[in-house]
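> This structure is in structure tokens; I'll ask about it shortly.
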Amino acid sequence: MIKAVYPGSFDPVTYGHLDIIERAARVVDQVIVAVLVNSSKKPLFTIDERVRMLQETTKKIANVTVETFQGLTVDFARKAGAKVMIRGLRAVSDFESEMQIAQTNHSLNPDIDTMFFTTSLEYAFLSSTIVREVAFYGSDISGMVPDYVSGMLHAKYKNEKEIDLK
Ligand code: ADP
């Protein structure tokens, strides 16, 4: 039984992440999507909102669960009984930092190995940052995130702009 952890900020989840989740779920027995709580970046969405968007958009994949974690990913993986870490690679620019993270994790816990999935070409440009920026200006993000996430983004920015106007 191979259990894998797919860690990230998912602020918010995009079609790029979902592509990696679906493909990983075909290769391993269980994928635990692990949402980082204490990210140094200030997230747009609360932890509960990020979890809800992931649950909603992965609910049709039986072997995927969504959890949250704080601290080191290797500690979370150990507690969850997972020996595989999933990461996505978009471009060469991702490679250097991802290799550093994978090697650090392996040295912290030699039982853990990282499995990389290269992005499907149509999502190579996609990041949560890009999606947030396009949504902020009210443009069409239907090719980037599922409808549920798009609705959450537009509601969030509408709310923020209303607060700014007050
Ligand atoms: P982090 O804050 O850890 O970078 P992200 O939520 O941005 O978290 O990303 C989590 C993982 O998903 C990373 O391995 C990242 O490279 C991967 N990823 C993000 N966007 C894409 C995409 N469009 N295609 C493939 N992998 C992606």
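Residues in the structure tokens are named by chain (A, B, ... in the order shown) and by number from 1 within that chain; ligands are numbered from 1 in the order shown.
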Per DSSP on the backbone, what are the strand (DSSP E) residues of chain A, as a PyMOL selection string?

chain A and resi 3-8+30-36+64-69+84-89+113-118

> Just write the chosen residues, N, CA and C atoms, as an mmCIF file, in the first residue's frame.


data_model
loop_
_atom_site.group_PDB
_atom_site.id
_atom_site.type_symbol
_atom_site.label_atom_id
_atom_site.label_comp_id
_atom_site.auth_asym_id
_atom_site.auth_seq_id
_atom_site.Cartn_x
_atom_site.Cartn_y
_atom_site.Cartn_z
ATOM 1 N N LYS A 3 1.213 5.101 0.238
ATOM 2 C CA LYS A 3 0.532 6.354 0.615
ATOM 3 C C LYS A 3 1.450 7.505 0.245
ATOM 4 N N ALA A 4 0.893 8.551 -0.349
ATOM 5 C CA ALA A 4 1.722 9.687 -0.730
ATOM 6 C C ALA A 4 1.121 10.987 -0.208
ATOM 7 N N VAL A 5 1.999 11.922 0.126
ATOM 8 C CA VAL A 5 1.557 13.244 0.577
ATOM 9 C C VAL A 5 1.858 14.244 -0.531
ATOM 10 N N TYR A 6 0.868 15.067 -0.883
ATOM 11 C CA TYR A 6 1.083 16.142 -1.863
ATOM 12 C C TYR A 6 0.933 17.463 -1.112
ATOM 13 N N PRO A 7 2.060 18.056 -0.684
ATOM 14 C CA PRO A 7 1.973 19.272 0.130
ATOM 15 C C PRO A 7 1.989 20.546 -0.702
ATOM 16 N N GLY A 8 1.385 21.593 -0.170
ATOM 17 C CA GLY A 8 1.421 22.881 -0.868
ATOM 18 C C GLY A 8 0.551 23.898 -0.154
ATOM 19 N N GLN A 30 -2.956 5.814 -2.147
ATOM 20 C CA GLN A 30 -3.683 6.909 -1.492
ATOM 21 C C GLN A 30 -2.904 8.210 -1.580
ATOM 22 N N VAL A 31 -3.596 9.275 -1.941
ATOM 23 C CA VAL A 31 -2.961 10.595 -1.988
ATOM 24 C C VAL A 31 -3.571 11.457 -0.876
ATOM 25 N N ILE A 32 -2.709 11.959 0.001
ATOM 26 C CA ILE A 32 -3.166 12.901 1.023
ATOM 27 C C ILE A 32 -2.706 14.286 0.580
ATOM 28 N N VAL A 33 -3.659 15.131 0.209
ATOM 29 C CA VAL A 33 -3.309 16.506 -0.149
ATOM 30 C C VAL A 33 -3.162 17.257 1.171
ATOM 31 N N ALA A 34 -1.968 17.801 1.412
ATOM 32 C CA ALA A 34 -1.681 18.405 2.717
ATOM 33 C C ALA A 34 -1.516 19.912 2.561
ATOM 34 N N VAL A 35 -2.427 20.657 3.177
ATOM 35 C CA VAL A 35 -2.439 22.118 3.032
ATOM 36 C C VAL A 35 -1.651 22.740 4.190
ATOM 37 N N LEU A 36 -0.663 23.529 3.809
ATOM 38 C CA LEU A 36 0.234 24.127 4.793
ATOM 39 C C LEU A 36 -0.435 25.274 5.539
ATOM 40 N N VAL A 64 -8.359 10.042 -2.696
ATOM 41 C CA VAL A 64 -7.737 11.320 -2.343
ATOM 42 C C VAL A 64 -8.407 11.877 -1.079
ATOM 43 N N THR A 65 -7.602 12.268 -0.099
ATOM 44 C CA THR A 65 -8.137 12.943 1.078
ATOM 45 C C THR A 65 -7.402 14.274 1.248
ATOM 46 N N VAL A 66 -8.009 15.180 2.013
ATOM 47 C CA VAL A 66 -7.409 16.502 2.206
ATOM 48 C C VAL A 66 -7.200 16.724 3.700
ATOM 49 N N GLU A 67 -5.990 17.112 4.063
ATOM 50 C CA GLU A 67 -5.691 17.385 5.473
ATOM 51 C C GLU A 67 -4.892 18.679 5.578
ATOM 52 N N THR A 68 -4.702 19.161 6.793
ATOM 53 C CA THR A 68 -3.870 20.352 6.989
ATOM 54 C C THR A 68 -2.667 19.952 7.831
ATOM 55 N N PHE A 69 -1.609 20.747 7.741
ATOM 56 C CA PHE A 69 -0.460 20.463 8.602
ATOM 57 C C PHE A 69 0.309 21.741 8.908
ATOM 58 N N VAL A 84 6.079 8.575 0.468
ATOM 59 C CA VAL A 84 6.280 9.251 -0.817
ATOM 60 C C VAL A 84 5.729 10.666 -0.733
ATOM 61 N N MET A 85 6.498 11.583 -1.301
ATOM 62 C CA MET A 85 6.080 12.974 -1.376
ATOM 63 C C MET A 85 5.841 13.267 -2.857
ATOM 64 N N ILE A 86 4.734 13.899 -3.187
ATOM 65 C CA ILE A 86 4.443 14.241 -4.583
ATOM 66 C C ILE A 86 4.732 15.722 -4.792
ATOM 67 N N ARG A 87 5.400 16.071 -5.883
ATOM 68 C CA ARG A 87 5.565 17.481 -6.244
ATOM 69 C C ARG A 87 5.385 17.616 -7.754
ATOM 70 N N GLY A 88 5.022 18.805 -8.180
ATOM 71 C CA GLY A 88 4.849 19.057 -9.610
ATOM 72 C C GLY A 88 5.984 19.928 -10.125
ATOM 73 N N LEU A 89 6.393 19.681 -11.345
ATOM 74 C CA LEU A 89 7.433 20.514 -11.965
ATOM 75 C C LEU A 89 6.855 21.174 -13.203
ATOM 76 N N ASP A 113 10.867 9.398 -0.071
ATOM 77 C CA ASP A 113 11.321 9.757 -1.414
ATOM 78 C C ASP A 113 10.317 10.668 -2.080
ATOM 79 N N THR A 114 10.821 11.536 -2.966
ATOM 80 C CA THR A 114 9.926 12.469 -3.666
ATOM 81 C C THR A 114 9.687 11.990 -5.084
ATOM 82 N N MET A 115 8.420 12.010 -5.468
ATOM 83 C CA MET A 115 8.035 11.615 -6.830
ATOM 84 C C MET A 115 7.606 12.891 -7.561
ATOM 85 N N PHE A 116 8.260 13.170 -8.700
ATOM 86 C CA PHE A 116 7.919 14.390 -9.447
ATOM 87 C C PHE A 116 7.038 14.062 -10.645
ATOM 88 N N PHE A 117 6.047 14.888 -10.838
ATOM 89 C CA PHE A 117 5.228 14.786 -12.047
ATOM 90 C C PHE A 117 5.468 16.061 -12.850
ATOM 91 N N THR A 118 5.761 15.899 -14.122
ATOM 92 C CA THR A 118 5.935 17.109 -14.936
ATOM 93 C C THR A 118 4.552 17.561 -15.369
#

> If the limit is 9 Å from any atom of ligand 1, counting only C-alpha atoms and all ligand atoms, which residues qualify? Return them as an NGL selection string.

:A and (6-20 or 35-36 or 39 or 41 or 86-91 or 94-95 or 98 or 116-129 or 144)

> Would you mind reading off the distance between atom CA of A:Phe136 and atom CA of A:Gly151, one decimal, in Å?

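If I compute the distance from atom CA of A:Phe136 to atom CA of A:Gly151, I get 12.3 Å.
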
> Looking only at the backbone, which of the residues in stretch 7-165 of chain A does DSSP tag as helix (DSSP H, G or I), as a ChimeraX atom specification?

/A:15-27,47-58,73-80,92-108,121-123,128-136,147-165

> Rank A:Gln70, A:Ser97, A:Asn109, A:Thr46 by their smallest atom-to-atom distance to A:Lys83, using only C-alpha atoms, and report the top residue only.

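When distances to A:Lys83 are compared using only C-alpha atoms, the smallest one comes from A:Asn109.
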